[in-house]
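Trainee: So here's model.pdb (PDB, C-alpha atoms).
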```
ATOM      1  CA  MET Z1287     107.350  93.203  96.456  1.00  0.00           C
ATOM      2  CA  THR Z1288     104.492  91.615  94.519  1.00  0.00           C
ATOM      3  CA  LEU Z1289     101.792  93.666  92.855  1.00  0.00           C
ATOM      4  CA  GLN Z1290      99.199  92.334  95.319  1.00  0.00           C
ATOM      5  CA  GLU Z1291     101.082  94.063  98.129  1.00  0.00           C
ATOM      6  CA  PHE Z1292      99.947  97.378  96.665  1.00  0.00           C
ATOM      7  CA  ILE Z1293      96.287  96.515  97.312  1.00  0.00           C
ATOM      8  CA  ILE Z1294      94.809  98.959  99.838  1.00  0.00           C
ATOM      9  CA  ASN Z1295      91.659  98.183 101.817  1.00  0.00           C
ATOM     10  CA  ASP Z1296      91.351 101.090 104.223  1.00  0.00           C
ATOM     11  CA  ILE Z1297      88.167 102.331 102.532  1.00  0.00           C
ATOM     12  CA  LYS Z1298      85.057 100.241 102.989  1.00  0.00           C
ATOM     13  CA  PRO Z1299      82.766 100.405  99.927  1.00  0.00           C
ATOM     14  CA  LEU Z1300      79.498 102.208 100.535  1.00  0.00           C
ATOM     15  CA  ASN Z1301      76.306 100.187 100.406  1.00  0.00           C
ATOM     16  CA  ILE Z1302      73.855 100.753  97.578  1.00  0.00           C
ATOM     17  CA  ASN Z1303      71.240 101.695 100.208  1.00  0.00           C
ATOM     18  CA  ASP Z1304      73.397 104.386 101.856  1.00  0.00           C
ATOM     19  CA  LYS Z1305      72.472 108.029 101.458  1.00  0.00           C
ATOM     20  CA  VAL Z1306      73.967 110.166  98.721  1.00  0.00           C
ATOM     21  CA  SER Z1307      74.904 112.569 101.525  1.00  0.00           C
ATOM     22  CA  ASP Z1308      77.195 109.850 102.912  1.00  0.00           C
ATOM     23  CA  LEU Z1309      78.779 109.523  99.482  1.00  0.00           C
ATOM     24  CA  LYS Z1310      79.365 113.264  99.277  1.00  0.00           C
ATOM     25  CA  MET Z1311      80.855 113.281 102.762  1.00  0.00           C
ATOM     26  CA  MET Z1312      83.306 110.568 101.747  1.00  0.00           C
ATOM     27  CA  PHE Z1313      84.412 112.584  98.737  1.00  0.00           C
ATOM     28  CA  ASN Z1314      84.901 115.608 100.995  1.00  0.00           C
ATOM     29  CA  GLU Z1315      87.285 113.558 103.136  1.00  0.00           C
ATOM     30  CA  LEU Z1316      89.198 111.875 100.291  1.00  0.00           C
ATOM     31  CA  THR Z1317      91.095 112.841  97.158  1.00  0.00           C
ATOM     32  CA  TYR Z1318      89.814 109.943  95.064  1.00  0.00           C
ATOM     33  CA  SER Z1319      87.935 110.380  91.799  1.00  0.00           C
ATOM     34  CA  HIS Z1320      85.546 107.483  92.544  1.00  0.00           C
ATOM     35  CA  VAL Z1321      84.094 105.538  95.480  1.00  0.00           C
ATOM     36  CA  PRO Z1322      83.312 101.775  95.295  1.00  0.00           C
ATOM     37  CA  ILE Z1323      79.712 100.680  95.870  1.00  0.00           C
ATOM     38  CA  GLU Z1324      78.561  97.233  97.051  1.00  0.00           C
ATOM     39  CA  ASN Z1325      75.407  95.373  97.975  1.00  0.00           C
ATOM     40  CA  GLU Z1326      75.507  92.553 100.537  1.00  0.00           C
ATOM     41  CA  GLY Z1327      79.227  92.139  99.988  1.00  0.00           C
ATOM     42  CA  VAL Z1328      79.023  92.112  96.174  1.00  0.00           C
ATOM     43  CA  TYR Z1329      80.911  94.830  94.302  1.00  0.00           C
ATOM     44  CA  LEU Z1330      78.571  96.736  91.947  1.00  0.00           C
ATOM     45  CA  GLY Z1331      80.780  99.469  90.545  1.00  0.00           C
ATOM     46  CA  CYS Z1332      82.021 102.967  91.331  1.00  0.00           C
ATOM     47  CA  ILE Z1333      80.401 106.387  91.377  1.00  0.00           C
ATOM     48  CA  SER Z1334      82.491 109.375  90.346  1.00  0.00           C
ATOM     49  CA  GLU Z1335      82.791 112.533  92.390  1.00  0.00           C
ATOM     50  CA  ASN Z1336      81.402 114.590  89.521  1.00  0.00           C
ATOM     51  CA  ASP Z1337      78.247 112.459  89.382  1.00  0.00           C
ATOM     52  CA  ALA Z1338      77.820 112.369  93.145  1.00  0.00           C
ATOM     53  CA  TYR Z1339      77.475 116.130  93.428  1.00  0.00           C
ATOM     54  CA  CYS Z1340      74.718 116.101  90.810  1.00  0.00           C
ATOM     55  CA  PHE Z1341      72.422 114.091  93.097  1.00  0.00           C
ATOM     56  CA  GLU Z1342      70.301 115.279  96.004  1.00  0.00           C
ATOM     57  CA  GLY Z1343      71.770 114.322  99.358  1.00  0.00           C
ATOM     58  CA  ASP Z1344      68.570 112.832 100.786  1.00  0.00           C
ATOM     59  CA  LYS Z1345      68.335 110.250  98.006  1.00  0.00           C
ATOM     60  CA  THR Z1346      69.850 106.797  98.375  1.00  0.00           C
ATOM     61  CA  ILE Z1347      72.612 105.563  96.098  1.00  0.00           C
ATOM     62  CA  VAL Z1348      70.249 102.951  94.654  1.00  0.00           C
ATOM     63  CA  ASP Z1349      68.220 105.819  93.198  1.00  0.00           C
ATOM     64  CA  CYS Z1350      71.324 106.780  91.209  1.00  0.00           C
ATOM     65  CA  ASN Z1351      72.551 103.316  90.277  1.00  0.00           C
ATOM     66  CA  TYR Z1352      72.478 104.201  86.577  1.00  0.00           C
ATOM     67  CA  ALA Z1353      75.616 106.263  87.287  1.00  0.00           C
ATOM     68  CA  LEU Z1354      77.587 103.245  88.475  1.00  0.00           C
ATOM     69  CA  GLU Z1355      80.736 102.543  86.480  1.00  0.00           C
ATOM     70  CA  GLY Z1356      81.580  98.840  86.580  1.00  0.00           C
ATOM     71  CA  PHE Z1357      85.343  98.970  86.092  1.00  0.00           C
ATOM     72  CA  PHE Z1358      87.708  96.769  88.116  1.00  0.00           C
ATOM     73  CA  VAL Z1359      90.789  94.567  87.748  1.00  0.00           C
ATOM     74  CA  ARG Z1360      91.644  91.117  89.069  1.00  0.00           C
ATOM     75  CA  ASP Z1361      94.349  90.452  91.624  1.00  0.00           C
ATOM     76  CA  THR Z1362      96.120  88.572  88.807  1.00  0.00           C
ATOM     77  CA  THR Z1363      96.013  91.481  86.315  1.00  0.00           C
ATOM     78  CA  THR Z1364      99.433  92.734  85.204  1.00  0.00           C
ATOM     79  CA  TRP Z1365     100.519  96.269  86.093  1.00  0.00           C
ATOM     80  CA  LEU Z1366     100.538  97.424  82.480  1.00  0.00           C
ATOM     81  CA  ASP Z1367      96.915  96.293  82.010  1.00  0.00           C
ATOM     82  CA  ILE Z1368      96.037  97.988  85.303  1.00  0.00           C
ATOM     83  CA  LEU Z1369      97.597 101.225  84.076  1.00  0.00           C
ATOM     84  CA  GLU Z1370      95.528 100.942  80.901  1.00  0.00           C
ATOM     85  CA  GLU Z1371      92.341 100.555  82.958  1.00  0.00           C
ATOM     86  CA  PHE Z1372      93.202 103.696  84.910  1.00  0.00           C
ATOM     87  CA  ALA Z1373      93.636 105.619  81.660  1.00  0.00           C
ATOM     88  CA  GLN Z1374      90.475 104.302  80.026  1.00  0.00           C
ATOM     89  CA  ASN Z1375      88.310 105.114  83.044  1.00  0.00           C
ATOM     90  CA  SER Z1376      89.868 108.479  83.995  1.00  0.00           C
ATOM     91  CA  CYS Z1377      90.192 107.479  87.616  1.00  0.00           C
ATOM     92  CA  ASN Z1378      92.789 107.359  90.382  1.00  0.00           C
ATOM     93  CA  ILE Z1379      91.323 104.396  92.283  1.00  0.00           C
ATOM     94  CA  MET Z1380      90.938 100.900  90.831  1.00  0.00           C
ATOM     95  CA  PRO Z1381      88.876  98.215  92.651  1.00  0.00           C
ATOM     96  CA  VAL Z1382      90.495  94.770  92.801  1.00  0.00           C
ATOM     97  CA  LEU Z1383      88.464  91.547  92.715  1.00  0.00           C
ATOM     98  CA  ASN Z1384      89.631  87.952  92.958  1.00  0.00           C
ATOM     99  CA  GLU Z1385      88.493  85.155  90.644  1.00  0.00           C
ATOM    100  CA  GLN Z1386      85.447  84.602  92.877  1.00  0.00           C
ATOM    101  CA  ASN Z1387      84.493  88.278  92.399  1.00  0.00           C
ATOM    102  CA  LYS Z1388      85.249  89.079  96.038  1.00  0.00           C
ATOM    103  CA  TYR Z1389      86.256  92.701  96.619  1.00  0.00           C
ATOM    104  CA  LEU Z1390      89.814  92.754  97.974  1.00  0.00           C
ATOM    105  CA  GLY Z1391      90.529  96.482  98.034  1.00  0.00           C
ATOM    106  CA  TYR Z1392      91.884  98.912  95.479  1.00  0.00           C
ATOM    107  CA  TYR Z1393      95.006 100.158  93.743  1.00  0.00           C
ATOM    108  CA  GLU Z1394      96.056 103.797  93.798  1.00  0.00           C
ATOM    109  CA  LEU Z1395      97.097 105.317  90.490  1.00  0.00           C
ATOM    110  CA  ASN Z1396     100.251 106.812  91.981  1.00  0.00           C
ATOM    111  CA  ASP Z1397     101.526 103.390  93.076  1.00  0.00           C
ATOM    112  CA  ILE Z1398     101.032 101.851  89.624  1.00  0.00           C
ATOM    113  CA  ILE Z1399     102.677 104.779  87.856  1.00  0.00           C
ATOM    114  CA  GLY Z1400     105.579 104.351  90.267  1.00  0.00           C
ATOM    115  CA  LEU Z1401     106.062 100.802  89.003  1.00  0.00           C
ATOM    116  CA  PHE Z1402     106.019 102.066  85.419  1.00  0.00           C
ATOM    117  CA  ASN Z1403     108.704 104.651  86.160  1.00  0.00           C
ATOM    118  CA  GLU Z1404     110.937 102.006  87.744  1.00  0.00           C
ATOM    119  CA  THR Z1405     111.107  99.928  84.554  1.00  0.00           C
ATOM    120  CA  PRO Z1406     114.372  99.910  82.560  1.00  0.00           C
ATOM    121  CA  PHE Z1407     112.666 101.983  79.867  1.00  0.00           C
ATOM    122  CA  PHE Z1408     112.755 104.963  82.229  1.00  0.00           C
ATOM    123  CA  ALA Z1409     115.317 104.009  84.866  1.00  0.00           C
ATOM    124  CA  GLU Z1410     118.273 102.868  82.723  1.00  0.00           C
ATOM    125  CA  PRO Z1411     120.504 105.291  80.772  1.00  0.00           C
ATOM    126  CA  GLY Z1412     120.286 105.130  77.014  1.00  0.00           C
ATOM    127  CA  GLY Z1413     119.025 106.767  73.865  1.00  0.00           C
ATOM    128  CA  ILE Z1414     115.532 107.172  72.479  1.00  0.00           C
ATOM    129  CA  LEU Z1415     114.839 106.440  68.828  1.00  0.00           C
ATOM    130  CA  ILE Z1416     111.488 106.868  67.075  1.00  0.00           C
ATOM    131  CA  ILE Z1417     111.233 105.047  63.755  1.00  0.00           C
ATOM    132  CA  GLU Z1418     108.484 104.867  61.160  1.00  0.00           C
ATOM    133  CA  LYS Z1419     107.512 102.399  58.462  1.00  0.00           C
ATOM    134  CA  GLY Z1420     104.456 101.059  56.637  1.00  0.00           C
ATOM    135  CA  VAL Z1421     101.977  99.174  58.784  1.00  0.00           C
ATOM    136  CA  THR Z1422     102.452  96.008  56.732  1.00  0.00           C
ATOM    137  CA  ASP Z1423     106.214  96.406  56.336  1.00  0.00           C
ATOM    138  CA  TYR Z1424     107.672  96.630  59.843  1.00  0.00           C
ATOM    139  CA  SER Z1425     108.736  93.663  61.953  1.00  0.00           C
ATOM    140  CA  PHE Z1426     109.779  93.589  65.601  1.00  0.00           C
ATOM    141  CA  SER Z1427     112.112  90.704  64.847  1.00  0.00           C
ATOM    142  CA  GLU Z1428     113.765  92.838  62.156  1.00  0.00           C
ATOM    143  CA  ILE Z1429     113.934  95.817  64.504  1.00  0.00           C
ATOM    144  CA  SER Z1430     115.624  93.706  67.184  1.00  0.00           C
ATOM    145  CA  GLN Z1431     118.074  92.300  64.635  1.00  0.00           C
ATOM    146  CA  ILE Z1432     119.009  95.800  63.446  1.00  0.00           C
ATOM    147  CA  VAL Z1433     119.655  97.064  66.972  1.00  0.00           C
ATOM    148  CA  GLU Z1434     121.573  94.005  68.147  1.00  0.00           C
ATOM    149  CA  SER Z1435     123.677  93.804  64.964  1.00  0.00           C
ATOM    150  CA  ASN Z1436     125.178  97.101  66.118  1.00  0.00           C
ATOM    151  CA  ASP Z1437     126.086  95.665  69.542  1.00  0.00           C
ATOM    152  CA  ALA Z1438     123.252  97.579  71.208  1.00  0.00           C
ATOM    153  CA  LYS Z1439     120.408  96.341  73.399  1.00  0.00           C
ATOM    154  CA  ILE Z1440     116.714  97.193  73.386  1.00  0.00           C
ATOM    155  CA  LEU Z1441     115.592  98.325  76.848  1.00  0.00           C
ATOM    156  CA  GLY Z1442     112.017  98.902  75.739  1.00  0.00           C
ATOM    157  CA  ALA Z1443     109.838  99.255  72.664  1.00  0.00           C
ATOM    158  CA  PHE Z1444     106.237 100.200  72.032  1.00  0.00           C
ATOM    159  CA  ILE Z1445     104.015 101.353  69.179  1.00  0.00           C
ATOM    160  CA  SER Z1446     103.537 105.052  69.886  1.00  0.00           C
ATOM    161  CA  LYS Z1447     101.440 105.973  66.841  1.00  0.00           C
ATOM    162  CA  MET Z1448      99.509 104.095  64.168  1.00  0.00           C
ATOM    163  CA  ASP Z1449      97.265 105.094  61.316  1.00  0.00           C
ATOM    164  CA  SER Z1450      95.992 103.319  58.221  1.00  0.00           C
ATOM    165  CA  ASP Z1451      99.345 103.439  56.438  1.00  0.00           C
ATOM    166  CA  LEU Z1452     102.186 104.097  58.873  1.00  0.00           C
ATOM    167  CA  VAL Z1453     103.286 102.945  62.290  1.00  0.00           C
ATOM    168  CA  GLN Z1454     105.711 104.717  64.631  1.00  0.00           C
ATOM    169  CA  ILE Z1455     107.736 102.692  67.118  1.00  0.00           C
ATOM    170  CA  THR Z1456     109.558 104.224  70.071  1.00  0.00           C
ATOM    171  CA  LEU Z1457     112.714 102.396  71.167  1.00  0.00           C
ATOM    172  CA  LYS Z1458     114.899 102.802  74.254  1.00  0.00           C
ATOM    173  CA  ILE Z1459     118.391 101.639  73.303  1.00  0.00           C
ATOM    174  CA  GLY Z1460     121.311 101.038  75.659  1.00  0.00           C
ATOM    175  CA  ASN Z1461     124.964 100.016  75.420  1.00  0.00           C
ATOM    176  CA  SER Z1462     125.842 102.140  72.399  1.00  0.00           C
ATOM    177  CA  GLY Z1463     125.461 105.434  70.573  1.00  0.00           C
ATOM    178  CA  LEU Z1464     122.558 105.758  68.206  1.00  0.00           C
ATOM    179  CA  ASN Z1465     124.328 106.817  65.032  1.00  0.00           C
ATOM    180  CA  ASP Z1466     125.204 103.345  63.709  1.00  0.00           C
ATOM    181  CA  VAL Z1467     121.757 102.046  64.635  1.00  0.00           C
ATOM    182  CA  ILE Z1468     120.090 104.967  62.855  1.00  0.00           C
ATOM    183  CA  GLN Z1469     122.107 104.420  59.684  1.00  0.00           C
ATOM    184  CA  THR Z1470     121.181 100.729  59.636  1.00  0.00           C
ATOM    185  CA  PHE Z1471     117.501 101.509  60.060  1.00  0.00           C
ATOM    186  CA  ARG Z1472     117.731 103.855  57.095  1.00  0.00           C
ATOM    187  CA  ARG Z1473     119.275 101.116  54.980  1.00  0.00           C
ATOM    188  CA  TYR Z1474     116.263  98.965  55.847  1.00  0.00           C
ATOM    189  CA  SER Z1475     113.928 101.775  54.661  1.00  0.00           C
ATOM    190  CA  TYR Z1476     112.807 102.937  58.098  1.00  0.00           C
ATOM    191  CA  ASN Z1477     112.140 106.652  58.422  1.00  0.00           C
ATOM    192  CA  ILE Z1478     113.873 108.211  61.428  1.00  0.00           C
ATOM    193  CA  VAL Z1479     111.322 110.438  63.121  1.00  0.00           C
ATOM    194  CA  SER Z1480     113.513 111.373  66.064  1.00  0.00           C
ATOM    195  CA  GLY Z1481     116.734 110.238  67.703  1.00  0.00           C
ATOM    196  CA  HIS Z1482     117.996 111.518  71.054  1.00  0.00           C
ATOM    197  CA  GLU Z1483     121.253 110.589  72.708  1.00  0.00           C
ATOM    198  CA  GLU Z1484     120.841 112.659  75.834  1.00  0.00           C
ATOM    199  CA  ASP Z1485     119.020 111.567  78.968  1.00  0.00           C
ATOM    200  CA  SER Z1486     117.043 114.841  78.957  1.00  0.00           C
ATOM    201  CA  TYR Z1487     114.672 113.379  76.379  1.00  0.00           C
ATOM    202  CA  ILE Z1488     113.770 110.391  78.525  1.00  0.00           C
ATOM    203  CA  GLU Z1489     113.077 112.776  81.410  1.00  0.00           C
ATOM    204  CA  SER Z1490     110.674 114.688  79.165  1.00  0.00           C
ATOM    205  CA  LEU Z1491     108.984 111.454  78.096  1.00  0.00           C
ATOM    206  CA  LYS Z1492     108.711 110.382  81.710  1.00  0.00           C
ATOM    207  CA  GLU Z1493     107.002 113.645  82.623  1.00  0.00           C
ATOM    208  CA  ARG Z1494     104.503 113.240  79.804  1.00  0.00           C
ATOM    209  CA  SER Z1495     103.782 109.659  80.842  1.00  0.00           C
ATOM    210  CA  GLU Z1496     102.679 110.990  84.210  1.00  0.00           C
ATOM    211  CA  TYR Z1497      99.735 112.869  82.705  1.00  0.00           C
ATOM    212  CA  LEU Z1498      97.555 110.376  84.531  1.00  0.00           C
ATOM    213  CA  LYS Z1499      98.585 111.943  87.816  1.00  0.00           C
ATOM    214  CA  LYS Z1500      96.306 114.875  87.107  1.00  0.00           C
ATOM    215  CA  TYR Z1501      93.511 112.753  88.551  1.00  0.00           C
ATOM    216  CA  LEU Z1502      95.330 112.674  91.879  1.00  0.00           C
ATOM    217  CA  ASP Z1503      94.778 116.426  92.221  1.00  0.00           C
ATOM    218  CA  ILE Z1504      91.017 116.201  91.970  1.00  0.00           C
TER
END
```
Any chance you could put this one into structure tokens?
Mentor:
Amino acid sequence: MTLQEFIINDIKPLNINDKVSDLKMMFNELTYSHVPIENEGVYLGCISENDAYCFEGDKTIVDCNYALEGFFVRDTTTWLDILEEFAQNSCNIMPVLNEQNKYLGYYELNDIIGLFNETPFFAEPGGILIIEKGVTDYSFSEISQIVESNDAKILGAFISKMDSDLVQITLKIGNSGLNDVIQTFRRYSYNIVSGHEEDSYIESLKERSEYLKKYLDI
């Protein structure tokens, strides 16, 4: 299944000249945090549920157009970038436009999180290792070499914390126990923040990654 197959178009965007009462009625019928707004077929942005209930129902949406939030993604945007847009805009609905700026529909947050949870980082068994080193001293090529020199494989890696001096990198490692890998990292002057062999840790991390789902309960 391609990412585009997750595009949903069962909600027609409201027109900028529709009544705010229509907008409120739509929110009453849906569980979405935002509703798309258009004008003559052109996507203008979204209005949040919180903003909608601040406006008088007899006004038109155009009277409240300063509340429009212009976020969207393209139908060519990768799922990780889409997930980032969801997080940055605190929403559970993401309008999708093509390269000609035509509104195609929207993604649901739950569907995109589902793709994230199906990646090897979460789905495959293995150990989690969090390492730390100076911002100017670490190297992903070195990290890969350390892991693979111990006959292990990296299933995923991301920078989980960064400040002016230090960077923390979270690794998902398969094929081997962590002890030899940890000892090698120490020889290369990496600080071991945390190392977990059991799958219970990845389940905890998975649960925390789903914090975005709170917007589905709005």
Trainee: With distances taken over all atoms listed in the file, which of Z:His1320, Z:Lys1298, Z:Lys1458, Z:Lys1388 is nearest to Ser1480 in chain Z?
Mentor: Z:Lys1458
Trainee: Neighbouring residues of Asn1336 in chain Z were defined as those with any atom within 10 Å, considering all atoms listed in the file; residues of the same chain fewer than 2 positions away were excluded. Please report them as a VMD selection string.
Mentor: chain Z and resid 1313 1319 to 1320 1333 to 1334 1338 to 1341
Trainee: Which residues, written as a list in words, have at least one atom at most 8 Å from Leu1441 in chain Z, with all atoms listed in the file counted and residues fewer than 4 positions away on the same chain left out?
Mentor: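 Within the cut-off, the hits are Pro1406, Phe1407, Glu1410, Leu1457, Lys1458, Ile1459 and Gly1460 of chain Z.
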Trainee: Taking the file above as input, evaluate the PyMOL selection byres ((chain Z and resi 1354) around 9) and report the hits as a ChimeraX atom specification.
Mentor: /Z:1323,1330-1334,1350-1353,1355-1356
Trainee: Counting all atoms listed in the file, which residue out of Z:Thr1346, Z:Asn1384, Z:Ser1435, Z:Asn1301 sits closest to Gln1469 in chain Z?
Mentor: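 Counting all atoms listed in the file, the residue closest to Gln1469 in chain Z is Z:Ser1435.
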